[in-house]
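Just work-v2.csv here, CSV, C-alpha atoms:
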chain,number,residue,atom,x,y,z
D,1,MET,CA,100.9,104.1,128.3
D,2,GLN,CA,97.2,103.8,127.9
D,3,LYS,CA,95.9,103.1,124.4
D,4,PRO,CA,94.3,106.3,122.9
D,5,LYS,CA,90.9,106.2,121.1
D,6,LEU,CA,91.7,105.9,117.4
D,7,ILE,CA,88.1,106.2,116.0
D,8,LEU,CA,86.2,109.2,117.5
D,9,GLU,CA,82.5,109.5,118.4
D,10,ASP,CA,81.6,110.9,114.9
D,11,GLY,CA,83.2,107.9,113.2
D,12,ARG,CA,86.2,109.9,112.0
D,13,ARG,CA,89.9,109.2,112.8
D,14,THR,CA,92.1,111.3,115.1
D,15,ASP,CA,93.3,113.4,112.1
D,16,GLY,CA,89.8,114.1,110.9
D,17,ARG,CA,89.9,111.6,107.9
D,18,LYS,CA,87.2,109.1,107.0
D,19,PHE,CA,88.1,105.4,107.1
D,20,ASP,CA,88.8,105.2,103.4
D,21,GLU,CA,90.5,108.6,103.1
D,22,MET,CA,94.3,109.0,102.4
D,23,ARG,CA,96.6,111.6,103.7
D,24,PRO,CA,97.6,114.4,101.3
D,25,VAL,CA,100.2,113.2,98.7
D,26,SER,CA,102.8,115.3,97.0
D,27,ILE,CA,105.4,114.1,94.4
D,28,GLU,CA,108.3,115.9,92.8
D,29,LEU,CA,110.8,114.5,90.3
D,30,GLY,CA,114.3,115.6,89.3
D,31,VAL,CA,115.2,117.2,92.6
D,32,LEU,CA,118.9,116.2,92.6
D,33,LYS,CA,121.1,117.3,89.7
D,34,ASN,CA,124.0,115.0,90.7
D,35,ALA,CA,121.9,111.8,90.5
D,36,ASP,CA,120.8,110.1,87.3
D,37,GLY,CA,117.2,110.1,88.7
D,38,SER,CA,115.6,111.4,91.9
D,39,ALA,CA,112.2,112.0,93.5
D,40,ILE,CA,110.7,113.3,96.7
D,41,VAL,CA,107.4,111.8,97.9
D,42,GLN,CA,105.4,113.0,100.8
D,43,MET,CA,102.4,111.3,102.4
D,44,GLY,CA,101.0,113.3,105.3
D,45,ASN,CA,104.0,114.0,107.5
D,46,THR,CA,106.2,111.2,106.0
D,47,LYS,CA,108.7,112.7,103.6
D,48,ILE,CA,111.3,110.7,101.7
D,49,ILE,CA,113.9,111.5,99.0
D,50,ALA,CA,115.3,108.9,96.7
D,51,ALA,CA,118.3,109.0,94.3
D,52,VAL,CA,119.3,106.6,91.6
D,53,PHE,CA,122.8,106.2,90.1
D,54,GLY,CA,123.3,103.9,87.1
D,55,PRO,CA,123.2,101.6,85.3
D,56,ARG,CA,127.0,101.9,85.7
D,57,GLU,CA,130.0,99.5,85.7
D,58,MET,CA,130.2,97.3,88.8
D,59,HIS,CA,133.2,97.7,91.1
D,60,PRO,CA,134.7,95.3,92.0
D,61,ARG,CA,134.0,93.6,88.7
D,62,HIS,CA,133.8,90.0,90.1
D,63,LEU,CA,130.5,91.0,91.8
D,64,ALA,CA,128.8,91.7,88.4
D,65,LEU,CA,126.3,89.2,87.0
D,66,PRO,CA,126.7,88.1,83.3
D,67,ASP,CA,123.0,88.2,82.4
D,68,ARG,CA,121.5,91.1,84.4
D,69,ALA,CA,122.1,94.3,86.4
D,70,VAL,CA,122.7,94.1,90.2
D,71,LEU,CA,120.2,96.3,92.1
D,72,ARG,CA,121.5,97.7,95.4
D,73,VAL,CA,119.1,99.6,97.7
D,74,ARG,CA,119.9,101.5,100.9
D,75,TYR,CA,116.9,102.6,103.0
D,76,HIS,CA,118.1,105.0,105.8
D,77,MET,CA,116.4,107.2,108.4
D,78,THR,CA,118.2,110.5,109.0
D,79,PRO,CA,118.9,111.3,112.6
D,80,PHE,CA,116.4,114.1,112.6
D,81,SER,CA,113.6,112.2,111.0
D,82,THR,CA,111.9,111.1,114.3
D,83,ASP,CA,111.0,112.9,117.6
D,84,GLU,CA,114.0,111.5,119.3
D,85,ARG,CA,117.4,111.6,117.6
D,86,LYS,CA,118.1,108.4,115.8
D,87,ASN,CA,121.5,106.8,115.7
D,88,PRO,CA,122.9,107.4,112.2
D,89,ALA,CA,124.4,103.9,112.0
D,90,PRO,CA,122.2,101.4,110.0
D,91,SER,CA,119.8,99.5,112.3
D,92,ARG,CA,118.6,96.0,111.8
D,93,ARG,CA,115.2,97.4,110.8
D,94,GLU,CA,116.8,99.6,108.1
D,95,ILE,CA,118.8,96.6,106.8
D,96,GLU,CA,115.7,94.5,106.6
D,97,LEU,CA,113.6,97.2,104.9
D,98,SER,CA,116.4,97.8,102.4
D,99,LYS,CA,116.0,94.1,101.4
D,100,VAL,CA,112.2,94.3,101.3
D,101,ILE,CA,112.3,97.4,99.1
D,102,ARG,CA,115.0,96.0,96.8
D,103,GLU,CA,113.0,92.7,96.2
D,104,SER,CA,109.8,94.7,95.5
D,105,LEU,CA,111.5,97.3,93.2
D,106,GLU,CA,113.5,94.6,91.3
D,107,ALA,CA,110.2,93.0,90.1
D,108,SER,CA,109.5,96.2,88.2
D,109,ILE,CA,112.9,96.9,86.6
D,110,LEU,CA,114.0,95.3,83.3
D,111,VAL,CA,117.4,94.4,84.8
D,112,GLU,CA,118.2,91.9,82.1
D,113,GLN,CA,118.7,94.7,79.7
D,114,PHE,CA,121.9,95.8,81.6
D,115,PRO,CA,124.2,92.8,82.1
D,116,ARG,CA,127.4,93.3,84.1
D,117,SER,CA,126.2,96.6,85.6
D,118,VAL,CA,124.9,97.9,88.9
D,119,ILE,CA,122.0,100.2,89.7
D,120,ASP,CA,122.3,102.0,93.1
D,121,VAL,CA,119.2,103.3,94.9
D,122,PHE,CA,119.4,105.5,98.0
D,123,ALA,CA,116.2,106.3,100.0
D,124,GLU,CA,116.6,108.8,102.8
D,125,VAL,CA,113.8,109.3,105.3
D,126,LEU,CA,113.6,113.0,106.0
D,127,GLN,CA,110.6,112.9,108.2
D,128,ALA,CA,108.9,109.7,109.6
D,129,ASP,CA,105.2,109.5,110.5
D,130,ALA,CA,104.1,105.9,109.5
D,131,GLY,CA,104.3,104.2,106.1
D,132,THR,CA,108.0,104.9,105.5
D,133,ARG,CA,108.7,101.6,103.6
D,134,LEU,CA,105.9,102.2,101.1
D,135,VAL,CA,106.8,105.9,100.6
D,136,ALA,CA,110.5,104.9,100.2
D,137,LEU,CA,109.5,102.3,97.6
D,138,MET,CA,107.4,104.7,95.6
D,139,ALA,CA,110.1,107.4,95.7
D,140,SER,CA,112.6,104.8,94.5
D,141,SER,CA,110.4,103.6,91.7
D,142,LEU,CA,109.8,107.1,90.5
D,143,ALA,CA,113.5,108.0,90.7
D,144,VAL,CA,114.3,104.9,88.6
D,145,ALA,CA,111.8,106.1,86.0
D,146,ASP,CA,113.3,109.6,86.2
D,147,ALA,CA,116.7,108.1,85.5
D,148,GLY,CA,115.3,106.7,82.2
D,149,ILE,CA,115.7,103.1,83.3
D,150,PRO,CA,113.1,100.9,81.5
D,151,VAL,CA,110.4,99.4,83.9
D,152,LYS,CA,107.4,97.2,83.5
D,153,ASP,CA,105.4,99.7,85.5
D,154,ILE,CA,105.6,102.3,88.3
D,155,ILE,CA,105.0,101.0,91.8
D,156,ALA,CA,102.3,102.5,94.0
D,157,GLY,CA,101.6,101.4,97.5
D,158,VAL,CA,99.5,102.1,100.7
D,159,ALA,CA,98.9,100.5,104.0
D,160,VAL,CA,95.6,99.3,105.4
D,161,GLY,CA,95.2,98.6,109.1
D,162,LYS,CA,92.7,98.0,111.8
D,163,ALA,CA,92.0,100.7,114.4
D,164,ASP,CA,89.4,100.1,117.1
D,165,GLY,CA,88.1,97.1,115.0
D,166,GLN,CA,87.6,99.3,111.9
D,167,LEU,CA,89.5,98.9,108.7
D,168,VAL,CA,91.3,102.1,107.8
D,169,LEU,CA,93.3,103.3,104.7
D,170,ASP,CA,96.8,104.9,105.0
D,171,LEU,CA,97.7,104.6,108.7
D,172,ASN,CA,99.0,107.6,110.6
D,173,GLU,CA,101.5,107.3,113.5
D,174,PRO,CA,99.0,106.6,116.3
D,175,GLU,CA,97.1,104.0,114.2
D,176,ASP,CA,100.4,102.3,113.3
D,177,MET,CA,101.5,102.2,116.9
D,178,TRP,CA,98.2,101.3,118.6
D,179,GLY,CA,96.1,99.6,115.9
D,180,GLU,CA,95.3,95.9,115.9
D,181,ALA,CA,96.8,95.3,112.4
D,182,ASP,CA,99.0,96.8,109.7
D,183,MET,CA,99.1,95.6,106.1
D,184,PRO,CA,101.4,97.4,103.6
D,185,VAL,CA,100.5,96.6,100.0
D,186,ALA,CA,102.4,97.7,96.8
D,187,MET,CA,101.5,97.0,93.2
D,188,MET,CA,102.3,97.5,89.6
D,189,PRO,CA,98.7,98.7,88.9
D,190,SER,CA,98.6,98.4,85.1
D,191,LEU,CA,99.7,94.8,85.3
D,192,GLY,CA,97.6,94.0,88.4
D,193,GLN,CA,100.6,92.5,90.1
D,194,ILE,CA,101.4,92.8,93.8
D,195,THR,CA,105.1,93.3,94.5
D,196,LEU,CA,104.9,93.7,98.3
D,197,LEU,CA,102.4,92.4,100.8
D,198,GLN,CA,103.1,92.1,104.5
D,199,ILE,CA,100.9,91.9,107.5
D,200,ASN,CA,101.5,92.6,111.2
D,201,GLY,CA,98.7,91.8,113.6
D,202,ASN,CA,95.4,89.9,113.3
D,203,MET,CA,92.8,90.0,110.5
D,204,THR,CA,90.0,87.5,109.7
D,205,PRO,CA,89.9,86.2,106.1
D,206,SER,CA,87.0,88.5,105.3
D,207,GLU,CA,88.9,91.5,106.8
D,208,PHE,CA,91.9,90.6,104.7
D,209,LYS,CA,89.9,90.6,101.5
D,210,SER,CA,88.1,93.8,102.3
D,211,GLY,CA,91.4,95.4,103.4
D,212,LEU,CA,93.1,94.4,100.1
D,213,ASP,CA,90.2,95.9,98.1
D,214,LEU,CA,90.5,99.1,100.1
D,215,ALA,CA,94.3,99.2,99.5
D,216,ILE,CA,93.8,98.7,95.7
D,217,LYS,CA,91.4,101.6,95.7
D,218,GLY,CA,94.0,103.8,97.4
D,219,ILE,CA,96.8,102.5,95.1
D,220,ASN,CA,94.9,103.4,92.0
D,221,GLN,CA,94.5,107.0,93.3
D,222,ILE,CA,98.3,107.3,94.0
D,223,TYR,CA,99.1,105.7,90.6
D,224,GLU,CA,97.3,108.5,88.8
D,225,MET,CA,99.3,111.1,90.8
D,226,GLU,CA,102.5,109.3,89.9
D,227,LYS,CA,101.7,109.3,86.2
D,228,ASN,CA,100.8,113.0,86.3
D,229,ALA,CA,104.1,113.8,88.0
D,230,LEU,CA,106.0,111.9,85.3
D,231,ARG,CA,104.0,113.6,82.5
D,232,SER,CA,104.8,117.0,83.9
D,233,ARG,CA,108.5,116.1,84.5
D,234,PHE,CA,109.0,114.9,80.9
D,235,SER,CA,107.0,117.6,79.3
D,236,GLU,CA,109.7,119.9,80.6
D,237,TYR,CA,112.3,118.1,78.4
D,238,LYS,CA,109.9,118.3,75.5
D,239,GLU,CA,109.5,122.0,75.8
D,240,GLU,CA,113.3,122.5,76.1
D,241,GLY,CA,113.8,120.5,72.9
D,242,GLU,CA,111.3,122.5,70.9

Output the file's structure as structure tokens, nothing else.
Amino acid sequence: MQKPKLILEDGRRTDGRKFDEMRPVSIELGVLKNADGSAIVQMGNTKIIAAVFGPREMHPRHLALPDRAVLRVRYHMTPFSTDERKNPAPSRREIELSKVIRESLEASILVEQFPRSVIDVFAEVLQADAGTRLVALMASSLAVADAGIPVKDIIAGVAVGKADGQLVLDLNEPEDMWGEADMPVAMMPSLGQITLLQINGNMTPSEFKSGLDLAIKGINQIYEMEKNALRSRFSEYKEEGE
């Protein structure tokens, strides 16, 4: 297949966005009544639901840790999430991304407050269109907060990439597939701590620095949306109690 043009004549991207513009973001909390915490996050056409169960007793008990909770994360793509039907069995990529998301998410949770217990997180990709690891991570972080589990901060993340030599924020599917670089970044913004940073492709040191600055700009925008979603979610409880 021939590589398509990713930056058009007018300097805009194939979906009409400017280089520093994100796809539309929507966030909804408390979507599953059977889970302790849940969230749906959508960025563009990527849509992911996350559910959290726990902290609860670990079974079998010998797997429990004496000083902290065990965090288990499953990232899974539904068979209908892509253009071609995906095999429902876990792939190597899903197993790898489950580990990546767990390590990033664990940095934000106060697991030491729940010794000898387990926290289970399930992230299901309902629709995939680039950026699934970050949307899954954000949905999981919001679901953990929705479950009332204490955290250092909510995680927000966005990918920066290179399309036709131009740095772009929040890659879409063609840019993810045909671009020269892809750099997902996730942070705990109020602490200024990066919890996930990966890079696939080639960037010069100056491009990396500019790309990181661009990602942080996008992360701060998403962080405000996450905080607003949490405020509106917990204001419901407040109104019910009055």

Original post:
How would you write as a PyMOL selection string the residues that get within 7 Å of (110.1, 110.5, 106.1) in the file's frame, counting all atoms listed in the file?
Top reply: chain D and resi 46-48+81+125-129+132

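Residue nearest Arg61 in chain D within the list D:Pro88, D:Gly201, D:Pro24, D:Pro115: D:Pro115 [criterion: smallest interatomic distance, all atoms listed in the file].
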
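Proximity to Glu175 in chain D was assessed for D:Ala130, D:Leu8, D:Ile149, D:Met138 counting all atoms listed in the file; the smallest distance is recorded for D:Ala130.
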
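When only C-alpha atoms are used to measure the gap to Gly131 in chain D, the shortest distance among D:Gly44, D:Asn202, D:Phe114, D:Gly218 belongs to D:Gly44.
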
Subject >> Residue contacts of Pro174 in chain D (10 Å, only C-alpha atoms) excluding same-chain residues fewer than 6 positions away, as a list of chain:residue names >> reply: D:Lys3, D:Pro4, D:Lys5, D:Leu6, D:Thr14, D:Asp15, D:Asp129, D:Ala130, D:Ala163

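Omitting Leu63 in chain D and its sequence neighbours fewer than 4 positions away, and counting only C-alpha atoms, the residues within 12 Å are Glu57, Met58, His59, Arg68, Ala69, Val70, Leu71, Arg72, Pro115, Arg116, Ser117 and Val118 of chain D.
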
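Atom pair CA of Val52 in chain D / CA of Met22 in chain D: separated by 27.3 Å.
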
Original post:
In terms of the shortest atom-to-atom distance over all atoms listed in the file, which of D:Arg93, D:Arg13, D:Arg74, D:Lys18 is closest to Ala123 in chain D?
Top reply: D:Arg74
